[in-house]
Amino acid sequence: MRIAIISDIHGNYPALVNVVEDALTNNVDKFVFAGDYIFDLPYSNEVARYLMKLHNAYIIKGNKEVYLQWLKNDDQANWTYNQMGAVYQTFRELTPETFDFLDGLKEELYIPEISLYAIHFLKTVRISQKFNCNSYKYHKKMYTKEQYSVEFNECINSDEIKSQIDQIDAKIIVFGHNHLQSYGYCGDKLIINPGSCGQPLDFNTAAPYTIVDTDDYSVTEKRVTYDIESVIEYAKNSAMYEKGKIWVDLVFLALKTGKDYFGILFEIAHQIKLSKNETGVFFSNETWAEANEIFNSSRQNRQV
């Protein structure tokens, strides 16, 4: 049996369609989706509807889908933060059908017939700096694929992470979240992160996914090209872009470069927030705008 493993679509419907079609041409029997389908591009309803109609698919929640209950129960009078504009607008645009589908997904899944366990992130993996979404930037290294593969294998065999993996009764363990495609082995267990279909951050802009053949447990990592510029042009004409321009511009940069700029802007904003003694979960609109100005100025001076 051949299984396509896909994660972190982030509202990028064209990338999803191209990846699924590529998987089908590679004679895939089943699909496993590891979460984060919505918010960053204005195709969240399209992504959800596509997944709802896909046959032979196992689908779990990511942290983005977990946000839905918080947004549902929050007072929209408090939705004044520009930092969250794209999130607020996505929530408003979700149809009742797509909301119910996404909200009803499980956060983890065990598939006994193929001995596969899927979760969006392992607890220890999420808190490990080497698996952080910004690991490339913070280490100030331009990792090659081979170099990151070595680190991935070292991490999943570290005492902290191995202790969690050992508790999972499955031959194949799947997670996503950090947008970095890789796989490795912890003992006799195959550990797979397929990367981010909709927003890869490993300096390769083609959409990644991974195929596993359960007959011999062979792994094939795939990358699929799609028309990124048309996605950006479509998004620029959306209400999401109007409501969350700073964030969506970061998404555009990531799509065009395969590089993580989110952490850079957040660090700038965090330092401004500290200097102003601001409190609260989100950045004030003034701090968010000021951080964006500094970020763009730094980019023009080729400092980031």
# chains A, B, ... in the order shown; residues from 1 in each chain; ligands from 1
>>> select_by_dssp(residues="segment 40-262 of chain A", states="strand (DSSP E)", output="VMD selection string")
chain A and resid 57 to 59 108 to 111 116 to 119 172 to 174 182 to 186 189 to 193 207 to 213 218 to 224
>>> write_last_selection(atoms="N, CA, C and O atoms", output="compact mmCIF listing (two decimals), in the first residue's frame")
# COMPACT_ATOMS: atom_id res chain seq x y z
N ALA A 57 -9.00 9.16 2.73
CA ALA A 57 -8.17 10.15 3.41
C ALA A 57 -8.40 10.12 4.92
O ALA A 57 -9.55 10.09 5.38
N TYR A 58 -7.32 10.13 5.66
CA TYR A 58 -7.34 10.28 7.11
C TYR A 58 -6.87 11.70 7.42
O TYR A 58 -5.80 12.11 6.99
N ILE A 59 -7.67 12.44 8.20
CA ILE A 59 -7.41 13.88 8.37
C ILE A 59 -7.51 14.24 9.85
O ILE A 59 -8.50 13.92 10.51
N GLU A 108 -5.51 13.72 17.03
CA GLU A 108 -4.56 12.64 16.77
C GLU A 108 -5.33 11.43 16.26
O GLU A 108 -6.54 11.33 16.44
N LEU A 109 -4.63 10.54 15.61
CA LEU A 109 -5.29 9.41 14.98
C LEU A 109 -4.36 8.22 14.90
O LEU A 109 -3.18 8.37 14.53
N TYR A 110 -4.87 7.05 15.26
CA TYR A 110 -4.12 5.81 15.09
C TYR A 110 -4.84 4.97 14.06
O TYR A 110 -6.04 4.73 14.15
N ILE A 111 -4.10 4.53 13.05
CA ILE A 111 -4.67 3.73 11.97
C ILE A 111 -4.08 2.33 12.07
O ILE A 111 -2.97 2.06 11.60
N LEU A 116 -0.04 3.18 11.82
CA LEU A 116 0.40 4.57 11.65
C LEU A 116 -0.29 5.45 12.68
O LEU A 116 -1.51 5.36 12.89
N TYR A 117 0.49 6.31 13.30
CA TYR A 117 -0.01 7.28 14.26
C TYR A 117 0.28 8.68 13.73
O TYR A 117 1.41 8.98 13.32
N ALA A 118 -0.74 9.55 13.72
CA ALA A 118 -0.59 10.90 13.19
C ALA A 118 -1.01 11.92 14.25
O ALA A 118 -2.05 11.76 14.90
N ILE A 119 -0.21 12.96 14.40
CA ILE A 119 -0.51 14.08 15.28
C ILE A 119 0.18 15.30 14.68
O ILE A 119 1.19 15.17 13.99
N ILE A 172 4.77 3.59 12.01
CA ILE A 172 5.00 4.87 11.33
C ILE A 172 4.40 5.98 12.19
O ILE A 172 3.24 5.90 12.61
N ILE A 173 5.18 7.01 12.43
CA ILE A 173 4.71 8.17 13.20
C ILE A 173 4.83 9.41 12.32
O ILE A 173 5.90 9.69 11.77
N VAL A 174 3.71 10.14 12.19
CA VAL A 174 3.64 11.29 11.29
C VAL A 174 3.34 12.55 12.09
O VAL A 174 2.46 12.54 12.97
N SER A 182 11.34 16.12 6.26
CA SER A 182 12.40 15.16 6.56
C SER A 182 11.78 13.86 7.05
O SER A 182 10.58 13.78 7.29
N TYR A 183 12.62 12.84 7.19
CA TYR A 183 12.20 11.59 7.80
C TYR A 183 13.42 10.91 8.40
O TYR A 183 14.57 11.26 8.11
N GLY A 184 13.16 9.96 9.30
CA GLY A 184 14.25 9.23 9.93
C GLY A 184 13.71 8.07 10.72
O GLY A 184 12.51 7.75 10.66
N TYR A 185 14.57 7.42 11.48
CA TYR A 185 14.20 6.24 12.24
C TYR A 185 14.59 6.41 13.70
O TYR A 185 15.69 6.88 14.01
N CYS A 186 13.67 6.04 14.57
CA CYS A 186 13.94 5.97 16.00
C CYS A 186 13.72 4.52 16.39
O CYS A 186 12.58 4.07 16.50
N LYS A 189 11.06 2.45 14.36
CA LYS A 189 9.92 3.28 13.99
C LYS A 189 10.33 4.34 12.96
O LYS A 189 11.36 5.00 13.11
N LEU A 190 9.51 4.45 11.94
CA LEU A 190 9.73 5.42 10.87
C LEU A 190 9.03 6.72 11.25
O LEU A 190 7.82 6.74 11.47
N ILE A 191 9.79 7.81 11.32
CA ILE A 191 9.26 9.11 11.72
C ILE A 191 9.27 10.03 10.50
O ILE A 191 10.31 10.24 9.88
N ILE A 192 8.10 10.60 10.18
CA ILE A 192 7.96 11.38 8.95
C ILE A 192 7.36 12.75 9.23
O ILE A 192 6.33 12.87 9.89
N ASN A 193 8.02 13.79 8.74
CA ASN A 193 7.44 15.12 8.63
C ASN A 193 7.44 15.45 7.14
O ASN A 193 8.51 15.60 6.54
N ALA A 207 5.96 22.63 -3.54
CA ALA A 207 5.15 22.06 -2.46
C ALA A 207 5.58 20.63 -2.14
O ALA A 207 5.62 19.77 -3.03
N PRO A 208 5.91 20.34 -0.88
CA PRO A 208 6.38 19.00 -0.51
C PRO A 208 5.27 18.07 -0.02
O PRO A 208 4.26 18.52 0.54
N TYR A 209 5.49 16.80 -0.22
CA TYR A 209 4.73 15.76 0.46
C TYR A 209 5.58 14.50 0.41
O TYR A 209 6.63 14.46 -0.24
N THR A 210 5.16 13.47 1.15
CA THR A 210 5.97 12.25 1.27
C THR A 210 5.11 11.03 1.00
O THR A 210 3.95 10.97 1.43
N ILE A 211 5.68 10.07 0.29
CA ILE A 211 5.01 8.80 0.02
C ILE A 211 5.70 7.69 0.80
O ILE A 211 6.93 7.59 0.79
N VAL A 212 4.92 6.85 1.46
CA VAL A 212 5.44 5.67 2.16
C VAL A 212 4.80 4.43 1.55
O VAL A 212 3.58 4.38 1.36
N ASP A 213 5.61 3.47 1.23
CA ASP A 213 5.13 2.17 0.76
C ASP A 213 5.17 1.21 1.94
O ASP A 213 6.25 0.88 2.44
N SER A 218 9.52 1.80 2.39
CA SER A 218 10.38 2.74 1.65
C SER A 218 9.72 4.11 1.65
O SER A 218 8.49 4.25 1.73
N VAL A 219 10.54 5.16 1.59
CA VAL A 219 10.08 6.54 1.67
C VAL A 219 10.52 7.30 0.42
O VAL A 219 11.69 7.22 0.02
N THR A 220 9.61 8.04 -0.15
CA THR A 220 9.92 8.91 -1.29
C THR A 220 9.46 10.32 -0.96
O THR A 220 8.26 10.56 -0.74
N GLU A 221 10.38 11.25 -0.90
CA GLU A 221 10.02 12.65 -0.66
C GLU A 221 9.81 13.34 -2.00
O GLU A 221 10.67 13.28 -2.88
N LYS A 222 8.69 14.01 -2.13
CA LYS A 222 8.31 14.63 -3.40
C LYS A 222 8.20 16.14 -3.25
O LYS A 222 7.87 16.66 -2.19
N ARG A 223 8.44 16.86 -4.35
CA ARG A 223 8.19 18.30 -4.44
C ARG A 223 7.42 18.55 -5.73
O ARG A 223 7.74 17.98 -6.77
N VAL A 224 6.43 19.43 -5.65
CA VAL A 224 5.54 19.69 -6.77
C VAL A 224 5.48 21.21 -7.02
O VAL A 224 5.20 21.98 -6.10
>>> residues_around(residues="segment 85-89 of chain A", least_positions_apart="6", cutoff="12 Å", atoms="only C-alpha atoms", output="ChimeraX atom specification")
/A:10-11,38-44,64-65,67-68,70-72,74-79,235,238-251,282,285,288
>>> residues_around(residues="Ala34 of chain A", least_positions_apart="2", cutoff="7 Å", atoms="only C-alpha atoms", output="MDAnalysis selection string")
chainID A and resid 6:7 32 59:62 118:120 175:176
>>> select_by_dssp(residues="segment 113-226 of chain A", states="alpha helix (DSSP H)", output="ChimeraX atom specification")
/A:123-127,135-138,145-156,159-165
>>> write_last_selection(atoms="N, CA and C atoms", output="CSV table (one decimal), in the first residue's frame")
chain,number,residue,atom,x,y,z
A,123,LYS,N,4.7,16.7,21.6
A,123,LYS,CA,4.9,17.8,22.6
A,123,LYS,C,6.4,18.1,22.7
A,124,THR,N,7.3,17.1,22.8
A,124,THR,CA,8.7,17.4,22.9
A,124,THR,C,9.3,18.0,21.7
A,125,VAL,N,8.7,17.6,20.5
A,125,VAL,CA,9.2,18.2,19.2
A,125,VAL,C,8.9,19.7,19.2
A,126,ARG,N,7.7,20.0,19.6
A,126,ARG,CA,7.3,21.4,19.5
A,126,ARG,C,8.2,22.3,20.3
A,127,ILE,N,8.6,21.9,21.5
A,127,ILE,CA,9.4,22.7,22.4
A,127,ILE,C,10.9,22.6,22.1
A,135,SER,N,14.0,27.5,12.9
A,135,SER,CA,15.3,26.9,13.3
A,135,SER,C,16.4,27.3,12.3
A,136,TYR,N,16.1,27.4,11.0
A,136,TYR,CA,17.1,27.9,10.1
A,136,TYR,C,17.6,29.3,10.4
A,137,LYS,N,16.7,30.2,10.7
A,137,LYS,CA,17.0,31.6,10.9
A,137,LYS,C,17.8,31.7,12.2
A,138,TYR,N,17.3,31.1,13.3
A,138,TYR,CA,17.9,31.3,14.6
A,138,TYR,C,19.3,30.7,14.6
A,145,LYS,N,19.8,20.1,2.5
A,145,LYS,CA,18.8,19.0,2.9
A,145,LYS,C,19.5,17.9,3.7
A,146,GLU,N,20.7,17.6,3.3
A,146,GLU,CA,21.5,16.5,3.9
A,146,GLU,C,21.8,16.9,5.4
A,147,GLN,N,22.2,18.2,5.6
A,147,GLN,CA,22.5,18.6,6.9
A,147,GLN,C,21.3,18.6,7.9
A,148,TYR,N,20.2,19.0,7.4
A,148,TYR,CA,19.0,19.0,8.2
A,148,TYR,C,18.6,17.6,8.5
A,149,SER,N,18.7,16.7,7.5
A,149,SER,CA,18.4,15.3,7.8
A,149,SER,C,19.2,14.7,8.9
A,150,VAL,N,20.5,15.0,9.0
A,150,VAL,CA,21.3,14.6,10.1
A,150,VAL,C,20.8,15.1,11.4
A,151,GLU,N,20.4,16.4,11.5
A,151,GLU,CA,19.9,17.0,12.7
A,151,GLU,C,18.6,16.3,13.1
A,152,PHE,N,17.7,16.1,12.1
A,152,PHE,CA,16.4,15.5,12.3
A,152,PHE,C,16.6,14.1,13.0
A,153,ASN,N,17.5,13.3,12.5
A,153,ASN,CA,17.7,12.0,13.0
A,153,ASN,C,18.3,12.1,14.4
A,154,GLU,N,19.2,13.0,14.6
A,154,GLU,CA,19.8,13.2,16.0
A,154,GLU,C,18.7,13.6,17.0
A,155,CYS,N,17.8,14.5,16.6
A,155,CYS,CA,16.8,15.0,17.5
A,155,CYS,C,15.8,13.9,17.8
A,156,ILE,N,15.3,13.1,16.9
A,156,ILE,CA,14.3,12.1,17.2
A,156,ILE,C,14.9,10.9,18.0
A,159,ASP,N,17.3,11.7,24.0
A,159,ASP,CA,16.6,11.0,25.1
A,159,ASP,C,15.2,11.6,25.3
A,160,GLU,N,15.1,12.9,25.2
A,160,GLU,CA,13.8,13.6,25.5
A,160,GLU,C,12.7,13.2,24.5
A,161,ILE,N,13.1,13.2,23.2
A,161,ILE,CA,12.1,12.9,22.2
A,161,ILE,C,11.9,11.4,22.0
A,162,LYS,N,12.9,10.6,22.1
A,162,LYS,CA,12.8,9.2,22.0
A,162,LYS,C,11.9,8.6,23.1
A,163,SER,N,11.9,9.2,24.3
A,163,SER,CA,11.1,8.7,25.4
A,163,SER,C,9.6,8.9,25.0
A,164,GLN,N,9.2,9.9,24.3
A,164,GLN,CA,7.9,10.1,23.9
A,164,GLN,C,7.5,9.1,22.7
A,165,ILE,N,8.5,9.0,21.8
A,165,ILE,CA,8.2,8.1,20.6
A,165,ILE,C,8.1,6.7,21.1
>>> residues_around(residues="Val20 of chain A", least_positions_apart="5", cutoff="10 Å", atoms="only C-alpha atoms", output="ChimeraX atom specification")
/A:4-6,15,25-26,28,31,54,209,224
>>> residues_around(residues="segment 261-271 of chain A", least_positions_apart="4", cutoff="7 Å", atoms="only C-alpha atoms", output="PyMOL selection string")
chain A and resi 134+250+254+275+287-288+291-292+295
>>> write_last_selection(atoms="all heavy atoms", output="compact mmCIF listing (two decimals), in the first residue's frame")
# COMPACT_ATOMS: atom_id res chain seq x y z
N ASN A 134 11.40 28.32 13.09
CA ASN A 134 12.41 29.30 12.73
C ASN A 134 13.83 28.77 12.90
O ASN A 134 14.78 29.54 13.00
CB ASN A 134 12.25 30.56 13.61
CG ASN A 134 10.85 31.11 13.54
OD1 ASN A 134 10.34 31.33 12.46
ND2 ASN A 134 10.21 31.30 14.67
N LEU A 250 4.02 38.74 4.49
CA LEU A 250 5.03 37.77 4.96
C LEU A 250 4.81 36.41 4.31
O LEU A 250 5.75 35.71 3.95
CB LEU A 250 4.97 37.62 6.48
CG LEU A 250 5.40 38.82 7.32
CD1 LEU A 250 5.18 38.52 8.79
CD2 LEU A 250 6.86 39.17 7.07
N ALA A 254 7.38 34.23 1.98
CA ALA A 254 7.69 32.81 2.21
C ALA A 254 7.43 31.98 0.96
O ALA A 254 8.22 31.10 0.61
CB ALA A 254 6.85 32.29 3.39
N SER A 275 10.07 47.53 24.96
CA SER A 275 10.53 48.91 25.18
C SER A 275 9.40 49.82 25.60
O SER A 275 9.62 50.83 26.27
CB SER A 275 11.20 49.45 23.91
OG SER A 275 10.24 49.71 22.89
N THR A 287 2.57 49.09 17.49
CA THR A 287 3.80 48.29 17.55
C THR A 287 3.93 47.40 16.32
O THR A 287 5.02 47.27 15.75
CB THR A 287 3.81 47.44 18.83
OG1 THR A 287 3.96 48.30 19.95
CG2 THR A 287 4.94 46.42 18.83
N TRP A 288 2.83 46.81 15.90
CA TRP A 288 2.83 45.93 14.73
C TRP A 288 3.25 46.71 13.48
O TRP A 288 4.07 46.25 12.69
CB TRP A 288 1.44 45.34 14.57
CG TRP A 288 1.26 44.28 13.53
CD1 TRP A 288 0.38 44.30 12.48
CD2 TRP A 288 1.92 43.01 13.46
NE1 TRP A 288 0.45 43.13 11.75
CE2 TRP A 288 1.39 42.31 12.34
CE3 TRP A 288 2.90 42.38 14.22
CZ2 TRP A 288 1.82 41.04 11.97
CZ3 TRP A 288 3.33 41.10 13.85
CH2 TRP A 288 2.79 40.45 12.73
N ALA A 291 7.01 47.75 13.75
CA ALA A 291 7.87 46.59 13.48
C ALA A 291 7.94 46.29 11.99
O ALA A 291 9.02 45.96 11.45
CB ALA A 291 7.35 45.37 14.24
N ASN A 292 6.82 46.44 11.31
CA ASN A 292 6.80 46.18 9.88
C ASN A 292 7.65 47.19 9.12
O ASN A 292 8.35 46.84 8.15
CB ASN A 292 5.36 46.22 9.36
CG ASN A 292 5.25 45.80 7.91
OD1 ASN A 292 5.67 44.71 7.54
ND2 ASN A 292 4.69 46.67 7.09
N PHE A 295 11.22 46.17 9.67
CA PHE A 295 11.46 44.94 8.90
C PHE A 295 11.67 45.26 7.42
O PHE A 295 12.64 44.79 6.80
CB PHE A 295 10.27 44.00 9.07
CG PHE A 295 10.29 42.80 8.17
CD1 PHE A 295 11.11 41.72 8.43
CD2 PHE A 295 9.48 42.76 7.03
CE1 PHE A 295 11.13 40.60 7.58
CE2 PHE A 295 9.49 41.66 6.19
CZ PHE A 295 10.31 40.58 6.47
>>> atom_distance(atom1="atom CA of Phe91 of chain A", atom2="atom CA of Met52 of chain A")
18.1 Å
